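What follows is the content of structure00.pdb, which has PDB, C-alpha atoms:
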ATOM      1  CA  MET J  58       0.000   0.000   0.000
ATOM      2  CA  LEU J  59       2.831   2.411   0.782
ATOM      3  CA  ASP J  60       4.169   2.067  -2.728
ATOM      4  CA  LEU J  61       0.910   2.722  -4.616
ATOM      5  CA  LEU J  62       1.044   6.536  -4.596
ATOM      6  CA  PRO J  63       4.678   6.819  -5.778
ATOM      7  CA  THR J  64       4.116   4.106  -8.398
ATOM      8  CA  PHE J  65       0.900   5.618  -9.800
ATOM      9  CA  ALA J  66       2.479   9.074  -9.759
ATOM     10  CA  ALA J  67       5.444   7.779 -11.777
ATOM     11  CA  ILE J  68       3.186   6.011 -14.297
ATOM     12  CA  SER J  69       1.031   9.118 -14.801
ATOM     13  CA  CYS J  70       3.931  11.609 -14.579
ATOM     14  CA  ALA J  71       2.159  13.294 -11.646
ATOM     15  CA  THR J  72       3.996  15.407  -9.109
ATOM     16  CA  LEU J  73       4.361  13.926  -5.631
ATOM     17  CA  PRO J  74       3.694  15.995  -2.492
ATOM     18  CA  GLY J  75       6.664  17.843  -1.007
ATOM     19  CA  GLN J  76       6.791  15.731   2.163
ATOM     20  CA  PRO J  77       8.924  12.589   2.203
ATOM     21  CA  LEU J  78       6.981   9.381   1.554
ATOM     22  CA  ASP J  79       7.509   5.916   2.976
ATOM     23  CA  GLY J  80       6.668   4.292  -0.352
ATOM     24  CA  ILE J  81       8.765   3.979  -3.495
ATOM     25  CA  ASN J  82       8.042   3.539  -7.198
ATOM     26  CA  ILE J  83       7.861  -0.219  -7.767
ATOM     27  CA  TRP J  84       6.850  -0.052 -11.449
ATOM     28  CA  PRO J  85      10.217  -1.469 -12.648
ATOM     29  CA  LEU J  86       9.625  -4.462 -10.364
ATOM     30  CA  LEU J  87       6.052  -4.989 -11.625
ATOM     31  CA  THR J  88       7.122  -4.837 -15.269
ATOM     32  CA  GLY J  89      10.050  -7.215 -14.750
ATOM     33  CA  GLU J  90      12.553  -4.522 -15.691
ATOM     34  CA  GLN J  91      14.217  -5.117 -12.294
ATOM     35  CA  THR J  92      14.189  -8.134  -9.969
ATOM     36  CA  SER J  93      14.548  -6.066  -6.790
ATOM     37  CA  ILE J  94      14.371  -2.453  -5.693
ATOM     38  CA  ALA J  95      16.481  -0.865  -2.984
ATOM     39  CA  ARG J  96      14.469   0.620  -0.149
ATOM     40  CA  ASP J  97      15.750   2.726   2.733
ATOM     41  CA  VAL J  98      14.796   2.037   6.329
ATOM     42  CA  LEU J  99      11.108   1.355   6.890
ATOM     43  CA  LEU J 100       9.869   2.380  10.341
ATOM     44  CA  TYR J 101       7.269   0.602  12.452
ATOM     45  CA  PHE J 102       5.065   3.001  14.413
ATOM     46  CA  ASP J 103       2.468   2.593  17.130
ATOM     47  CA  SER J 104       0.578   5.877  17.128
ATOM     48  CA  TRP J 105       3.311   8.566  17.156
ATOM     49  CA  ASN J 106       5.883   6.186  18.676
ATOM     50  CA  ILE J 107       8.679   4.596  16.679
ATOM     51  CA  GLN J 108       9.102   0.984  17.750
ATOM     52  CA  CYS J 109      11.241  -0.752  15.104
ATOM     53  CA  ALA J 110      13.116  -0.180  11.854
ATOM     54  CA  ARG J 111      13.551  -2.595   8.959
ATOM     55  CA  LEU J 112      16.403  -2.559   6.453
ATOM     56  CA  GLY J 113      16.582  -5.471   4.026
ATOM     57  CA  PRO J 114      16.455  -8.694   6.038
ATOM     58  CA  TRP J 115      17.169  -6.885   9.324
ATOM     59  CA  LYS J 116      14.610  -5.632  11.841
ATOM     60  CA  LEU J 117      15.834  -3.561  14.773
ATOM     61  CA  HIS J 118      13.581  -3.188  17.822
ATOM     62  CA  MET J 119      14.476   0.141  19.455
ATOM     63  CA  ALA J 120      11.564   0.725  21.852
ATOM     64  CA  ARG J 121       8.759  -1.254  23.450
ATOM     65  CA  TYR J 122       5.738  -0.459  25.576
ATOM     66  CA  ASN J 123       5.725  -1.283  29.281
ATOM     67  CA  ALA J 124       2.551  -3.364  28.805
ATOM     68  CA  PHE J 125       0.953  -5.481  26.113
ATOM     69  CA  PRO J 126      -2.123  -3.966  24.410
ATOM     70  CA  TRP J 127      -4.353  -6.893  25.425
ATOM     71  CA  VAL J 128      -3.742  -6.646  29.188
ATOM     72  CA  GLU J 129      -5.006  -4.106  31.698
ATOM     73  CA  GLU J 130      -3.067  -0.859  31.482
ATOM     74  CA  PRO J 131      -0.584  -0.343  34.349
ATOM     75  CA  PRO J 132      -1.346   2.420  36.880
ATOM     76  CA  GLU J 133       1.283   4.723  35.335
ATOM     77  CA  GLY J 134      -0.250   4.215  31.884
ATOM     78  CA  ARG J 135       1.106   2.574  28.741
ATOM     79  CA  ILE J 136       4.556   4.068  28.182
ATOM     80  CA  ASN J 137       6.934   3.668  25.239
ATOM     81  CA  LEU J 138      10.353   2.764  26.657
ATOM     82  CA  PRO J 139      13.704   2.690  24.873
ATOM     83  CA  LEU J 140      15.356  -0.697  24.847
ATOM     84  CA  HIS J 141      18.583  -0.610  26.828
ATOM     85  CA  ARG J 142      20.137  -2.696  24.094
ATOM     86  CA  PRO J 143      18.295  -2.639  20.752
ATOM     87  CA  GLU J 144      17.323  -6.095  19.508
ATOM     88  CA  LEU J 145      18.288  -7.129  15.973
ATOM     89  CA  TYR J 146      16.609  -9.960  14.070
ATOM     90  CA  ASN J 147      17.133 -11.375  10.592
ATOM     91  CA  VAL J 148      13.460 -11.739   9.638
ATOM     92  CA  GLU J 149      14.205 -13.654   6.439
ATOM     93  CA  LEU J 150      16.031 -16.442   8.320
ATOM     94  CA  ASP J 151      14.063 -16.014  11.569
ATOM     95  CA  PRO J 152      10.538 -14.725  10.787
ATOM     96  CA  GLU J 153       9.372 -15.430  14.359
ATOM     97  CA  GLU J 154      12.097 -13.095  15.691
ATOM     98  CA  GLY J 155      13.249 -15.728  18.143
ATOM     99  CA  TYR J 156      17.031 -15.290  17.851
ATOM    100  CA  GLU J 157      18.382 -11.867  18.773
ATOM    101  CA  CYS J 158      21.670 -11.250  16.935
ATOM    102  CA  GLY J 159      22.560  -7.610  17.664
ATOM    103  CA  THR J 160      25.724  -8.427  19.605
ATOM    104  CA  ALA J 161      27.003 -10.403  16.604
ATOM    105  CA  HIS J 162      26.235  -7.527  14.194
ATOM    106  CA  PRO J 163      26.922  -4.208  15.983
ATOM    107  CA  ASP J 164      27.731  -2.571  12.631
ATOM    108  CA  ILE J 165      24.212  -3.304  11.333
ATOM    109  CA  VAL J 166      22.638  -2.011  14.565
ATOM    110  CA  ALA J 167      24.665   1.216  14.307
ATOM    111  CA  ASN J 168      23.854   1.625  10.588
ATOM    112  CA  ILE J 169      20.104   1.290  11.141
ATOM    113  CA  GLN J 170      20.192   3.634  14.142
ATOM    114  CA  GLN J 171      22.088   6.246  12.118
ATOM    115  CA  ARG J 172      19.570   5.997   9.269
ATOM    116  CA  VAL J 173      16.644   6.436  11.665
ATOM    117  CA  MET J 174      18.263   9.498  13.232
ATOM    118  CA  ALA J 175      18.885  10.971   9.769
ATOM    119  CA  MET J 176      15.207  10.451   8.840
ATOM    120  CA  LEU J 177      13.789  11.841  12.074
ATOM    121  CA  PRO J 178      13.928  15.560  11.142
ATOM    122  CA  SER J 179      11.689  14.871   8.114
ATOM    123  CA  PHE J 180       8.837  13.608  10.318
ATOM    124  CA  PRO J 181       6.069  15.679  11.919
ATOM    125  CA  SER J 182       6.912  17.418  15.184
ATOM    126  CA  ARG J 183       4.675  15.005  17.146
ATOM    127  CA  VAL J 184       6.787  12.049  15.983
ATOM    128  CA  GLN J 185       9.976  13.909  16.879
ATOM    129  CA  ALA J 186       8.585  14.833  20.309
ATOM    130  CA  ALA J 187       7.413  11.266  20.967
ATOM    131  CA  TRP J 188      10.864   9.928  20.037
ATOM    132  CA  ALA J 189      12.599  12.499  22.268
ATOM    133  CA  ASP J 190      10.244  11.563  25.129
ATOM    134  CA  THR J 191      10.958   7.862  24.633
ATOM    135  CA  GLN J 192      14.714   8.399  24.532
ATOM    136  CA  ALA J 193      14.584  10.508  27.715
ATOM    137  CA  ARG J 194      13.154   7.609  29.691
ATOM    138  CA  ILE J 195      15.516   5.390  31.602
ATOM    139  CA  SER J 196      15.248   1.673  31.069
ATOM    140  CA  GLN J 197      17.253  -1.088  32.623
ATOM    141  CA  TYR J 198      18.410  -4.104  30.659
ATOM    142  CA  ARG J 199      17.021  -7.303  32.057
ATOM    143  CA  PRO J 200      17.062 -10.419  29.869
ATOM    144  CA  ALA J 201      13.710 -12.094  29.390
ATOM    145  CA  GLY J 202      12.848 -14.210  32.406
ATOM    146  CA  ALA J 203      15.330 -12.484  34.708
ATOM    147  CA  LEU J 204      14.348 -11.874  38.312
ATOM    148  CA  PRO J 205      13.868  -8.306  39.551
ATOM    149  CA  GLU J 206      16.587  -6.628  41.607
ATOM    150  CA  PRO J 207      16.828  -8.028  45.179
ATOM    151  CA  ALA J 208      15.126  -4.958  46.683
ATOM    152  CA  GLN J 209      12.140  -5.539  44.405
ATOM    153  CA  GLN J 210      11.817  -9.267  44.976
ATOM    154  CA  PRO J 211       8.829 -10.419  46.996
ATOM    155  CA  ALA J 212       9.485 -11.577  50.538
ATOM    156  CA  ARG J 213      10.619 -15.165  50.637
ATOM    157  CA  VAL J 214       8.600 -17.719  52.499
ATOM    158  CA  ASN J 215      10.519 -20.452  54.260
ATOM    159  CA  VAL J 216       8.923 -23.791  53.778
ATOM    160  CA  ASN J 217      10.271 -26.938  55.367
ATOM    161  CA  ILE J 218       9.920 -29.894  53.100
ATOM    162  CA  HIS J 219      10.197 -33.287  54.717
ATOM    163  CA  ARG J 220      11.076 -36.194  52.506
ATOM    164  CA  HIS J 221       9.867 -39.587  53.585
ATOM    165  CA  VAL J 222      11.761 -42.418  52.093
ATOM    166  CA  SER J 223      10.024 -45.741  52.206
ATOM    167  CA  GLN J 224      12.202 -48.744  52.747
TER     168      GLN J 224
END

Would you kindly transcribe this structure into structure tokens?
Amino acid sequence: MLDLLPTFAAISCATLPGQPLDGINIWPLLTGEQTSIARDVLLYFDSWNIQCARLGPWKLHMARYNAFPWVEEPPEGRINLPLHRPELYNVELDPEEGYECGTAHPDIVANIQQRVMAMLPSFPSRVQAAWADTQARISQYRPAGALPEPAQQPARVNVNIHRHVSQ
């Protein structure tokens, strides 16, 4: 859908609006003139919030909400938080995004981040403000399944377990 306006504009020699578009002219791909078309970073938004960026086979998660949309909203509200360490996935080899590979490809992470930052000034002020607000928040890296810090752990209950061994 993103590519329809630029493609139809190219076919009809129409002028595109002055604002940058997410879509590109894919007519050469549709006609078979080209087998692929280069595309810059494609951003994933939730409302005004940038969540992820895709470049070729790579998808970089840069921010995530503090709660899932299908659960009750936390008392502080649903907040977009920056990921302490962005998560990189190769969605062509791993479409389920189950194997994070950012530490193995720091150059790709940096490249995508630089491209996003270069694109940011072309977006509406609300997107820029939402991104600045997200980046200003402090988040702490905690691998999935990790326990909270000791001060936040619930009080431990001592339970004596007696084992009876039958002979």

Dig up all the protein and nucleic acid residues within 7 Å of (3.5, 12.2, -4.0) in the file frame, using only C-alpha atoms, and format them as a ChimeraX atom specification. /J:62-63,66,72-74

Between atom CA of J:Val128 and atom CA of J:Asp103, what is the distance in Å, rounded to a tenth?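 Result for atom CA of J:Val128 versus atom CA of J:Asp103: 16.4 Å, one decimal.
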
If the box runs along x, y and z of the file and leaves 5 Å on each side of stretch 147-152 of chain J, what are its centre and edge lengths in Å, one decimal, as JSON?
{"center_x": 13.8, "center_y": -13.9, "center_z": 9.0, "size_x": 16.6, "size_y": 15.1, "size_z": 15.1}

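For the pair atom CA of J:Ile94 and atom CA of J:Ile81, the interatomic distance is 8.8 Å.
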
Taking only C-alpha atoms into account, name the residue in J:Leu145, J:Met119, J:Ala161, J:Ile68 that is nearest to J:Leu87.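 Nearest to J:Leu87: J:Ile68.
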
In the coordinates of the file, take the point (12.1, 15.6, 6.2) and a cut-off of 7 Å; then, counting only C-alpha atoms, name each qualifying protein, DNA or RNA residue as a tab-separated table (two decimals) with C-alpha atoms, in the coordinates of the input.
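Done, and the output landed in result_8.tsv:
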chain	number	residue	atom	x	y	z
J	76	GLN	CA	6.79	15.73	2.16
J	77	PRO	CA	8.92	12.59	2.20
J	176	MET	CA	15.21	10.45	8.84
J	178	PRO	CA	13.93	15.56	11.14
J	179	SER	CA	11.69	14.87	8.11
J	180	PHE	CA	8.84	13.61	10.32

Atom CA of J:Ala120 and atom CA of J:Gly134, how far apart in Å? 15.9 Å

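In this comparison, which uses only C-alpha atoms, the residue of J:Gln170, J:Lys116, J:Glu130, J:Ala175 approaching J:Glu149 most closely is J:Lys116.
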
So what does the PyMOL selection byres ((chain J and resi 165) around 12) actually pick up in this one, as a PyMOL selection string? chain J and resi 98+110-117+143-147+158-164+166-172

Once you have the residues from the selection above, write them out as a CSV table (one decimal), in the frame of the given file, restricted to C-alpha atoms.
chain,number,residue,atom,x,y,z
J,98,VAL,CA,14.8,2.0,6.3
J,110,ALA,CA,13.1,-0.2,11.9
J,111,ARG,CA,13.6,-2.6,9.0
J,112,LEU,CA,16.4,-2.6,6.5
J,113,GLY,CA,16.6,-5.5,4.0
J,114,PRO,CA,16.5,-8.7,6.0
J,115,TRP,CA,17.2,-6.9,9.3
J,116,LYS,CA,14.6,-5.6,11.8
J,117,LEU,CA,15.8,-3.6,14.8
J,143,PRO,CA,18.3,-2.6,20.8
J,144,GLU,CA,17.3,-6.1,19.5
J,145,LEU,CA,18.3,-7.1,16.0
J,146,TYR,CA,16.6,-10.0,14.1
J,147,ASN,CA,17.1,-11.4,10.6
J,158,CYS,CA,21.7,-11.2,16.9
J,159,GLY,CA,22.6,-7.6,17.7
J,160,THR,CA,25.7,-8.4,19.6
J,161,ALA,CA,27.0,-10.4,16.6
J,162,HIS,CA,26.2,-7.5,14.2
J,163,PRO,CA,26.9,-4.2,16.0
J,164,ASP,CA,27.7,-2.6,12.6
J,166,VAL,CA,22.6,-2.0,14.6
J,167,ALA,CA,24.7,1.2,14.3
J,168,ASN,CA,23.9,1.6,10.6
J,169,ILE,CA,20.1,1.3,11.1
J,170,GLN,CA,20.2,3.6,14.1
J,171,GLN,CA,22.1,6.2,12.1
J,172,ARG,CA,19.6,6.0,9.3

Can you work out which one of J:Arg96, J:Trp105, J:Val148, J:Arg142 has the shortest atom-to-atom distance to J:Gln185, counting only C-alpha atoms?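 For J:Gln185, the nearest of the candidates is J:Trp105.
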
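Once the PyMOL selection byres ((chain J and resi 189) around 12) is applied to this file, the selection holds Trp105, Asn106, Ile107, Ala120, Asn137, Leu138, Pro139, Met174, Leu177, Pro178, Ser182, Arg183, Val184, Gln185, Ala186, Ala187, Trp188, Asp190, Thr191, Gln192, Ala193 and Arg194 of chain J.
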